[in-house]
>>> print(open('final34.txt').read())   # compact mmCIF, C-alpha atoms (C1' of nucleotides)
# COMPACT_ATOMS: atom_id res chain seq x y z
CA MET R 426 -66.38 29.73 -239.41
CA ARG R 427 -65.61 32.28 -236.76
CA SER R 428 -68.73 32.37 -234.60
CA VAL R 429 -70.05 29.83 -232.14
CA ASP R 430 -73.33 29.70 -234.06
CA GLU R 431 -71.52 28.53 -237.15
CA LEU R 432 -69.71 25.91 -235.10
CA ILE R 433 -73.01 24.62 -233.73
CA GLU R 434 -74.55 24.58 -237.16
CA ARG R 435 -71.65 22.58 -238.55
CA VAL R 436 -71.75 20.04 -235.73
CA ARG R 437 -75.51 19.56 -236.10
CA ARG R 438 -75.27 19.17 -239.85
CA GLN R 439 -73.03 16.17 -239.26
CA GLY R 440 -75.43 14.61 -236.79
CA GLY R 441 -73.37 15.75 -233.85
CA LYS R 442 -74.30 17.54 -230.68
CA ALA R 443 -73.61 21.07 -229.52
CA THR R 444 -71.99 20.23 -226.22
CA THR R 445 -70.76 22.57 -223.53
CA GLN R 446 -67.24 21.28 -224.12
CA ARG R 447 -67.17 21.95 -227.85
CA ILE R 448 -68.44 25.46 -227.36
CA LEU R 449 -66.05 26.17 -224.52
CA ILE R 450 -63.02 24.95 -226.39
CA TRP R 451 -63.95 26.82 -229.52
CA ASN R 452 -64.42 30.04 -227.58
CA ALA R 453 -61.07 29.64 -225.86
CA LEU R 454 -59.31 29.05 -229.13
CA VAL R 455 -60.90 31.48 -231.55
CA ASP R 456 -59.10 34.56 -230.30
CA ASP R 457 -55.96 32.94 -229.00
CA MET R 458 -52.94 34.05 -230.96
CA SER R 459 -50.44 32.54 -228.50
CA HIS R 460 -49.99 29.23 -230.38
CA PRO R 461 -51.01 27.19 -227.32
CA THR R 462 -50.36 23.51 -226.76
CA ALA R 463 -53.11 21.15 -225.65
CA GLU R 464 -51.69 21.40 -222.15
CA ASP R 465 -51.81 25.20 -222.20
CA LEU R 466 -55.46 25.08 -223.14
CA TYR R 467 -56.26 22.38 -220.62
CA VAL R 468 -54.87 24.37 -217.72
CA ARG R 469 -56.82 27.41 -218.76
CA LEU R 470 -60.11 25.61 -219.44
CA LYS R 471 -59.98 23.45 -216.34
CA SER R 472 -60.74 26.52 -214.22
CA GLN R 473 -63.83 27.28 -216.28
CA LEU R 474 -65.07 23.70 -216.42
CA PRO R 475 -63.36 21.60 -213.77
CA SER R 476 -64.89 18.37 -215.05
CA LEU R 477 -63.19 18.75 -218.44
CA SER R 478 -61.03 15.78 -219.32
CA GLN R 479 -57.94 15.82 -221.44
CA ALA R 480 -59.39 13.18 -223.71
CA THR R 481 -62.26 15.48 -224.63
CA LEU R 482 -59.93 18.36 -225.28
CA TYR R 483 -57.82 16.22 -227.61
CA ASN R 484 -60.92 14.90 -229.36
CA VAL R 485 -62.29 18.34 -230.02
CA LEU R 486 -58.93 19.73 -231.10
CA ASN R 487 -58.54 16.87 -233.54
CA GLU R 488 -61.94 17.38 -235.07
CA LEU R 489 -61.36 21.10 -235.47
CA VAL R 490 -58.09 20.31 -237.22
CA GLU R 491 -59.79 17.81 -239.52
CA TRP R 492 -62.36 20.40 -240.44
CA GLY R 493 -59.64 22.91 -241.25
CA GLU R 494 -60.87 25.34 -238.59
CA ILE R 495 -57.61 25.37 -236.69
CA ARG R 496 -54.07 24.36 -237.62
CA ARG R 497 -51.64 22.14 -235.74
CA PHE R 498 -47.90 22.38 -236.07
CA ASP R 499 -44.68 21.11 -234.60
CA THR R 500 -42.05 23.42 -233.16
CA GLY R 501 -39.59 20.75 -232.12
CA ASP R 502 -40.45 20.97 -228.42
CA GLY R 503 -42.31 17.68 -228.33
CA ARG R 504 -45.84 19.01 -228.16
CA ILE R 505 -48.27 20.05 -230.83
CA HIS R 506 -49.19 23.71 -231.04
CA PHE R 507 -52.54 24.97 -232.29
CA ASP R 508 -53.51 28.12 -234.10
CA PRO R 509 -56.98 29.35 -235.04
CA ASP R 510 -55.51 31.69 -237.62
CA THR R 511 -55.87 30.02 -240.99
CA SER R 512 -55.29 33.12 -243.04
CA GLY R 513 -52.07 31.91 -244.59
CA HIS R 514 -49.44 33.63 -242.52
CA ALA R 515 -46.18 31.92 -241.54
CA GLU R 516 -44.65 31.28 -238.14
CA LEU R 517 -41.12 31.93 -236.96
CA VAL R 518 -39.89 29.14 -234.70
CA CYS R 519 -36.72 29.28 -232.64
CA MET R 520 -34.98 25.92 -232.72
CA ARG R 521 -33.27 26.53 -229.41
CA CYS R 522 -35.90 28.00 -227.07
CA HIS R 523 -38.89 26.95 -229.20
CA LYS R 524 -40.57 30.31 -228.99
CA VAL R 525 -43.11 30.91 -231.75
CA ALA R 526 -43.90 34.24 -233.35
CA ASP R 527 -46.02 35.17 -236.32
CA ALA R 528 -43.95 36.38 -239.22
CA PRO R 529 -44.58 40.11 -239.54
CA GLU R 530 -46.78 41.22 -242.39
CA GLY R 531 -44.76 41.49 -245.56
CA ALA R 532 -41.62 39.85 -244.15
CA VAL R 533 -42.18 36.69 -246.17
CA PRO R 534 -44.42 35.79 -249.09
CA GLU R 535 -47.98 35.01 -247.98
CA HIS R 536 -50.76 33.33 -249.85
CA ARG R 537 -54.00 31.46 -249.30
CA ALA R 538 -54.08 27.76 -249.99
CA PRO R 539 -55.92 26.65 -253.12
CA ASP R 540 -58.92 24.35 -252.52
CA GLU R 541 -57.33 21.59 -254.52
CA VAL R 542 -53.75 20.58 -255.32
CA ALA R 543 -52.86 17.51 -257.36
CA GLY R 544 -56.15 15.84 -256.56
CA TYR R 545 -55.92 16.54 -252.83
CA ARG R 546 -58.82 18.47 -251.33
CA ILE R 547 -56.97 21.04 -249.23
CA VAL R 548 -58.46 22.23 -245.96
CA SER R 549 -55.55 24.12 -244.45
CA HIS R 550 -51.95 24.96 -244.92
CA SER R 551 -49.09 25.72 -242.68
CA GLU R 552 -45.70 27.32 -243.11
CA GLN R 553 -42.89 27.67 -240.64
CA TYR R 554 -39.50 29.32 -240.71
CA PHE R 555 -37.05 27.61 -238.38
CA GLY R 556 -34.04 29.37 -237.03
CA TYR R 557 -32.66 31.16 -234.00
CA CYS R 558 -34.32 34.09 -232.31
CA PRO R 559 -32.28 37.17 -231.40
CA ASP R 560 -31.91 36.11 -227.75
CA CYS R 561 -30.67 32.65 -228.57
CA GLN R 562 -28.28 33.96 -231.21
CA ARG R 563 -26.73 36.13 -228.56
CA GLU R 564 -26.34 33.25 -226.13
CA LEU R 565 -24.91 30.98 -228.78
CA ASP R 566 -22.38 33.63 -229.78
CA GLU R 567 -21.27 34.16 -226.19
CA ARG R 568 -20.53 30.49 -225.83
CA SER R 569 -18.80 30.07 -229.14
CA GLY R 570 -15.34 30.58 -227.67
CA GLN R 571 -15.73 27.87 -225.09
CA PRO R 572 -14.65 24.25 -225.44
CA ALA R 573 -17.22 22.13 -227.19
CA GLU R 574 -18.16 20.01 -224.20
CA ARG R 575 -18.97 22.92 -221.93
CA ARG R 576 -20.99 24.44 -224.72
CA ALA R 577 -23.08 21.31 -225.04
CA ARG R 578 -23.67 21.09 -221.31
CA ALA R 579 -24.70 24.70 -221.09
CA LEU R 580 -27.20 24.19 -223.87
CA GLU R 581 -28.68 21.16 -222.21
CA SER R 582 -29.22 22.86 -218.91
CA ALA R 583 -30.74 25.84 -220.70
CA ARG R 584 -33.24 23.43 -222.18
CA ALA R 585 -33.91 21.80 -218.83
CA ARG R 586 -34.55 25.18 -217.22
CA GLY R 587 -37.67 25.55 -219.26
CA ASP R 588 -37.01 26.03 -222.96
CA MET D 108 -23.95 20.41 -247.86
CA ARG D 109 -24.71 17.44 -250.00
CA SER D 110 -21.57 15.32 -249.81
CA VAL D 111 -20.19 13.25 -246.96
CA ASP D 112 -16.94 15.23 -247.13
CA GLU D 113 -18.78 18.42 -246.41
CA LEU D 114 -20.54 16.75 -243.50
CA ILE D 115 -17.22 15.63 -242.07
CA GLU D 116 -15.74 19.05 -242.52
CA ARG D 117 -18.65 20.66 -240.72
CA VAL D 118 -18.48 18.25 -237.81
CA ARG D 119 -14.74 18.77 -237.42
CA ARG D 120 -15.03 22.52 -237.60
CA GLN D 121 -17.26 22.35 -234.53
CA GLY D 122 -14.82 20.18 -232.63
CA GLY D 123 -16.84 17.04 -233.28
CA LYS D 124 -15.85 13.65 -234.61
CA ALA D 125 -16.53 12.00 -237.93
CA THR D 126 -18.09 8.83 -236.62
CA THR D 127 -19.31 5.81 -238.55
CA GLN D 128 -22.82 6.52 -237.33
CA ARG D 129 -22.96 10.13 -238.50
CA ILE D 130 -21.71 9.15 -241.92
CA LEU D 131 -24.06 6.20 -242.22
CA ILE D 132 -27.11 8.18 -241.24
CA TRP D 133 -26.23 11.03 -243.55
CA ASN D 134 -25.78 8.67 -246.46
CA ALA D 135 -29.10 6.98 -245.79
CA LEU D 136 -30.88 10.28 -245.65
CA VAL D 137 -29.35 12.33 -248.41
CA ASP D 138 -31.16 10.64 -251.27
CA ASP D 139 -34.26 9.56 -249.44
CA MET D 140 -37.33 11.29 -250.80
CA SER D 141 -39.78 9.06 -248.93
CA HIS D 142 -40.23 11.39 -245.91
CA PRO D 143 -39.16 8.67 -243.47
CA THR D 144 -39.77 8.63 -239.74
CA ALA D 145 -36.99 7.87 -237.27
CA GLU D 146 -38.37 4.35 -236.99
CA ASP D 147 -38.27 3.87 -240.78
CA LEU D 148 -34.63 4.87 -240.82
CA TYR D 149 -33.78 2.76 -237.81
CA VAL D 150 -35.14 -0.41 -239.35
CA ARG D 151 -33.23 0.22 -242.53
CA LEU D 152 -29.93 1.18 -240.89
CA LYS D 153 -30.00 -1.59 -238.31
CA SER D 154 -29.22 -4.11 -241.05
CA GLN D 155 -26.18 -2.13 -242.12
CA LEU D 156 -24.90 -1.47 -238.61
CA PRO D 157 -26.56 -3.82 -236.14
CA SER D 158 -25.04 -2.07 -233.14
CA LEU D 159 -26.77 1.20 -233.98
CA SER D 160 -28.92 2.47 -231.16
CA GLN D 161 -32.06 4.53 -231.47
CA ALA D 162 -30.61 7.17 -229.18
CA THR D 163 -27.77 7.78 -231.62
CA LEU D 164 -30.13 8.01 -234.53
CA TYR D 165 -32.25 10.58 -232.71
CA ASN D 166 -29.16 12.52 -231.68
CA VAL D 167 -27.84 12.71 -235.21
CA LEU D 168 -31.21 13.55 -236.70
CA ASN D 169 -31.61 16.36 -234.21
CA GLU D 170 -28.24 17.83 -234.96
CA LEU D 171 -28.86 17.70 -238.70
CA VAL D 172 -32.14 19.51 -238.14
CA GLU D 173 -30.44 22.16 -235.99
CA TRP D 174 -27.91 22.71 -238.72
CA GLY D 175 -30.66 23.16 -241.29
CA GLU D 176 -29.41 20.18 -243.32
CA ILE D 177 -32.66 18.27 -243.06
CA ARG D 178 -36.19 19.29 -242.15
CA ARG D 179 -38.57 17.73 -239.67
CA PHE D 180 -42.33 17.98 -239.91
CA ASP D 181 -45.52 16.67 -238.43
CA THR D 182 -48.16 14.90 -240.49
CA GLY D 183 -50.58 14.22 -237.67
CA ASP D 184 -49.69 10.54 -237.40
CA GLY D 185 -47.81 10.93 -234.13
CA ARG D 186 -44.30 10.60 -235.46
CA ILE D 187 -41.90 13.12 -236.88
CA HIS D 188 -41.00 12.82 -240.55
CA PHE D 189 -37.67 13.90 -242.00
CA ASP D 190 -36.75 15.26 -245.39
CA PRO D 191 -33.29 16.07 -246.75
CA ASP D 192 -34.79 18.27 -249.44
CA THR D 193 -34.45 21.85 -248.24
CA SER D 194 -35.07 23.44 -251.61
CA GLY D 195 -38.29 25.13 -250.59
CA HIS D 196 -40.93 22.82 -252.00
CA ALA D 197 -44.16 22.08 -250.11
CA GLU D 198 -45.66 18.78 -248.99
CA LEU D 199 -49.18 17.49 -249.44
CA VAL D 200 -50.36 15.63 -246.36
CA CYS D 201 -53.51 13.54 -246.18
CA MET D 202 -55.23 14.07 -242.84
CA ARG D 203 -56.93 10.70 -242.96
CA CYS D 204 -54.28 8.20 -244.13
CA HIS D 205 -51.30 10.47 -243.40
CA LYS D 206 -49.65 9.83 -246.73
CA VAL D 207 -47.12 12.49 -247.72
CA ALA D 208 -46.39 13.62 -251.26
CA ASP D 209 -44.29 16.44 -252.61
CA ALA D 210 -46.40 19.14 -254.19
CA PRO D 211 -45.81 18.93 -257.94
CA GLU D 212 -43.64 21.62 -259.47
CA GLY D 213 -45.69 24.71 -260.15
CA ALA D 214 -48.80 23.53 -258.30
CA VAL D 215 -48.24 25.96 -255.45
CA PRO D 216 -45.99 29.00 -255.00
CA GLU D 217 -42.43 28.03 -254.12
CA HIS D 218 -39.66 30.13 -252.70
CA ARG D 219 -36.42 29.90 -250.81
CA ALA D 220 -36.30 31.08 -247.24
CA PRO D 221 -34.48 34.35 -246.58
CA ASP D 222 -31.46 34.12 -244.26
CA GLU D 223 -33.04 36.48 -241.78
CA VAL D 224 -36.62 37.38 -240.87
CA ALA D 225 -37.51 39.81 -238.10
CA GLY D 226 -34.19 39.27 -236.37
CA TYR D 227 -34.41 35.48 -236.54
CA ARG D 228 -31.51 33.76 -238.28
CA ILE D 229 -33.38 31.29 -240.51
CA VAL D 230 -31.85 27.92 -241.26
CA SER D 231 -34.76 26.13 -242.90
CA HIS D 232 -38.36 26.44 -243.74
CA SER D 233 -41.21 24.09 -244.17
CA GLU D 234 -44.61 24.27 -245.79
CA GLN D 235 -47.40 21.75 -245.74
CA TYR D 236 -50.81 21.56 -247.35
CA PHE D 237 -53.22 19.46 -245.31
CA GLY D 238 -56.24 17.84 -246.84
CA TYR D 239 -57.61 14.61 -248.17
CA CYS D 240 -55.97 12.53 -250.87
CA PRO D 241 -58.03 11.20 -253.78
CA ASP D 242 -58.35 7.72 -252.22
CA CYS D 243 -59.57 9.02 -248.89
CA GLN D 244 -62.00 11.43 -250.53
CA ARG D 245 -63.57 8.49 -252.30
CA GLU D 246 -63.89 6.48 -249.10
CA LEU D 247 -65.31 9.42 -247.19
CA ASP D 248 -67.89 10.01 -249.92
CA GLU D 249 -68.97 6.38 -249.89
CA ARG D 250 -69.67 6.58 -246.20
CA SER D 251 -71.40 9.92 -246.20
CA GLY D 252 -74.90 8.41 -246.39
CA GLN D 253 -74.43 6.31 -243.29
CA PRO D 254 -75.43 7.27 -239.76
CA ALA D 255 -72.83 9.27 -237.93
CA GLU D 256 -71.85 6.61 -235.43
CA ARG D 257 -71.09 3.97 -237.99
CA ARG D 258 -69.15 6.52 -239.95
CA ALA D 259 -66.98 7.30 -236.94
CA ARG D 260 -66.37 3.66 -236.17
CA ALA D 261 -65.41 2.87 -239.75
CA LEU D 262 -62.93 5.71 -239.71
CA GLU D 263 -61.39 4.53 -236.48
CA SER D 264 -60.86 1.00 -237.65
CA ALA D 265 -59.42 2.27 -240.92
CA ARG D 266 -56.88 4.07 -238.79
CA ALA D 267 -56.17 1.02 -236.70
CA ARG D 268 -55.63 -1.10 -239.79
CA GLY D 269 -52.52 0.81 -240.59
CA ASP D 270 -53.26 4.36 -241.62
C1' DG O 189 2.74 4.02 -232.97
C1' DC O 190 0.99 4.65 -228.25
C1' DT O 191 -1.39 7.31 -224.74
C1' DT O 192 -4.49 10.65 -223.41
C1' DT O 193 -8.34 13.42 -223.90
C1' DT O 194 -12.81 13.98 -224.83
C1' DG O 195 -16.81 13.54 -227.86
C1' DT O 196 -19.91 9.81 -229.09
C1' DT O 197 -22.28 5.51 -228.81
C1' DT O 198 -24.83 1.95 -226.60
C1' DA O 199 -28.34 -0.21 -223.79
C1' DT O 200 -31.60 0.64 -220.75
C1' DA O 201 -34.68 3.11 -218.03
C1' DA O 202 -37.57 7.00 -217.70
C1' DT O 203 -40.64 10.56 -219.48
C1' DC O 204 -44.55 12.44 -221.13
C1' DA O 205 -47.83 13.70 -224.81
C1' DT O 206 -51.49 11.49 -226.78
C1' DT O 207 -54.93 7.79 -227.45
C1' DA O 208 -57.95 3.80 -226.14
C1' DC O 209 -61.49 2.16 -223.37
C1' DA O 210 -65.74 1.35 -220.78
C1' DG O 211 -69.07 3.13 -218.12
C1' DA O 212 -71.64 7.45 -217.02
C1' DT O 213 -73.90 11.51 -218.94
C1' DA O 214 -76.13 14.94 -221.67
C1' DT O 215 -78.17 16.29 -226.03
C1' DG O 216 -81.73 16.34 -229.49
C1' DT O 217 -85.97 14.15 -230.96
C1' DG O 218 -90.65 12.44 -231.09
C1' DC M 1391 -91.11 13.16 -220.64
C1' DA M 1392 -88.64 9.19 -222.44
C1' DC M 1393 -85.68 7.25 -225.81
C1' DA M 1394 -81.71 6.71 -228.64
C1' DT M 1395 -77.20 7.72 -229.16
C1' DA M 1396 -73.34 10.93 -229.48
C1' DT M 1397 -70.19 12.56 -226.24
C1' DC M 1398 -67.75 12.98 -221.91
C1' DT M 1399 -64.99 11.43 -217.99
C1' DG M 1400 -61.34 9.06 -215.51
C1' DT M 1401 -58.05 5.96 -215.98
C1' DA M 1402 -55.07 2.80 -218.14
C1' DA M 1403 -52.28 1.95 -222.04
C1' DT M 1404 -49.36 3.23 -225.82
C1' DG M 1405 -45.45 4.62 -228.04
C1' DA M 1406 -42.22 8.08 -229.62
C1' DT M 1407 -38.51 10.44 -227.83
C1' DT M 1408 -35.02 11.66 -224.26
C1' DA M 1409 -31.96 10.97 -220.13
C1' DT M 1410 -28.26 8.46 -218.08
C1' DA M 1411 -24.03 6.17 -217.16
C1' DA M 1412 -20.74 3.08 -218.59
C1' DA M 1413 -18.11 1.54 -222.71
C1' DC M 1414 -15.95 2.99 -226.90
C1' DA M 1415 -13.48 5.33 -230.59
C1' DA M 1416 -11.70 9.41 -232.97
C1' DA M 1417 -8.34 13.04 -232.82
C1' DA M 1418 -4.35 15.22 -230.70
C1' DG M 1419 -0.02 15.10 -228.40
C1' DC M 1420 4.11 12.99 -227.55
>>> encode(input="final34.txt", output="structure tokens")
Amino acid sequence: MRSVDELIERVRRQGGKATTQRILIWNALVDDMSHPTAEDLYVRLKSQLPSLSQATLYNVLNELVEWGEIRRFDTGDGRIHFDPDTSGHAELVCMRCHKVADAPEGAVPEHRAPDEVAGYRIVSHSEQYFGYCPDCQRELDERSGQPAERRARALESARARGD
Amino acid sequence: MRSVDELIERVRRQGGKATTQRILIWNALVDDMSHPTAEDLYVRLKSQLPSLSQATLYNVLNELVEWGEIRRFDTGDGRIHFDPDTSGHAELVCMRCHKVADAPEGAVPEHRAPDEVAGYRIVSHSEQYFGYCPDCQRELDERSGQPAERRARALESARARGD
DNA sequence: GCTTTTGTTTATAATCATTACAGATATGTG
DNA sequence: CACATATCTGTAATGATTATAAACAAAAGC
């Protein structure tokens, strides 16, 4: 399902309604490769539809996840990130700054999920590589000579600054 | 790192201290294949060390994750689950009841993470298959003839009951 | 062994993402 | 056009996780 028409068809088939909100959210998401959080999307969508409530956004995101149309994943930053790309690629997640990047083609094994595994009906699958991005490696190395306490404090304030 | 001695050595090497709490939490985790949440662990450990605080548990879990000694992952139930098994196997997660099972050997491709991908220093990796477990498939099928509203309500109360 | 240093723990308060709720609204249908 | 009902909105509630500051305990030095 990549077009709005298919979304509408699916909703209707289940006895649901093709609302402005569903269509808006789907359109915002379908081409978004930035791994946005719910908050990211809310800020963006609010300008297009000022009446939009967070509850609706969460509801629609959850149903899209349940249908396997988008994926949700955790990067360790305390929010859920969403991704419309269900093609089977992996993400690279920095455990220090929580940046997310798609693993470059061919860098790691890729594969589609089977429809069924051990009796489970599979609708999506998700793979993440956790580690430290080049920038954070550099910063960690610079601090490695310092006493442990200062190191910890520096790390904390780096987090506070904005991840 | 699979023994307490190695844990202690690692902590010391970083200028840290081998505390009762770190050792206790590591021991509780190292053989636990149940994909526990922080709350699960807290309840269990509290009986062994009544003074243990949640903050400490979270601190230690976070450091173990940062070291790549355990993995954290999201099942969609609103809490983080932890797993000491870093061997590269995948999890099966039910999107309705949020049960977690290890994918059986050979059911899906398995592989170790490389140490480096696209400049990221990788310390762990995590793969989940999301879908519906046999039990939930059965329940969803039973309800599929009913009007949409009743279906939604039934699902909600199933969630409320206890996932 | 005893003291000092400093990393860690504890208890509690605060945060903040997400969900629940109840009334208002909009969609699809006849 | 009117009806039935799925969905939306705004707000309150929830609950997992994190921040904070004082108390504690491990390691190092003497």
>>> residues_near_point(input="final34.txt", point="(-70.7, 21.2, -227.1)", cutoff="12 Å", atoms="all atoms listed in the file", output="ChimeraX atom specification")
/R:429-430,432-437,441-452,477,481-482,484-485 /O:214-215 /M:1396-1398
>>> residues_around(input="final34.txt", residues="region 491-501 of chain R", least_positions_apart="5", cutoff="6 Å", atoms="all atoms listed in the file", output="number ranges by chain")
R: 506-509, 548-549; D: 181
>>> residues_around(input="final34.txt", residues="DT198 (chain O)", least_positions_apart="4", cutoff="12 Å", atoms="all atoms listed in the file", output="list of chain:residue names")
D:Gln128, D:Pro157, D:Ser158, D:Leu159, D:Ser160, D:Gln161, D:Ala162, D:Thr163, D:Leu164, M:DT1410, M:DA1411, M:DA1412, M:DA1413, M:DC1414
>>> residues_around(input="final34.txt", residues="DT1408 (chain M)", least_positions_apart="4", cutoff="9 Å", atoms="all atoms listed in the file", output="ChimeraX atom specification")
/D:162,165 /O:202-203
>>> interface_residues(input="final34.txt", of="chain D", to="chain R", cutoff="8 Å", atoms="only C-alpha atoms", output="PyMOL selection string")
chain D and resi 121-123+173+180-181+199+201-202+210-211+214-215+220+224-241+244+254-255
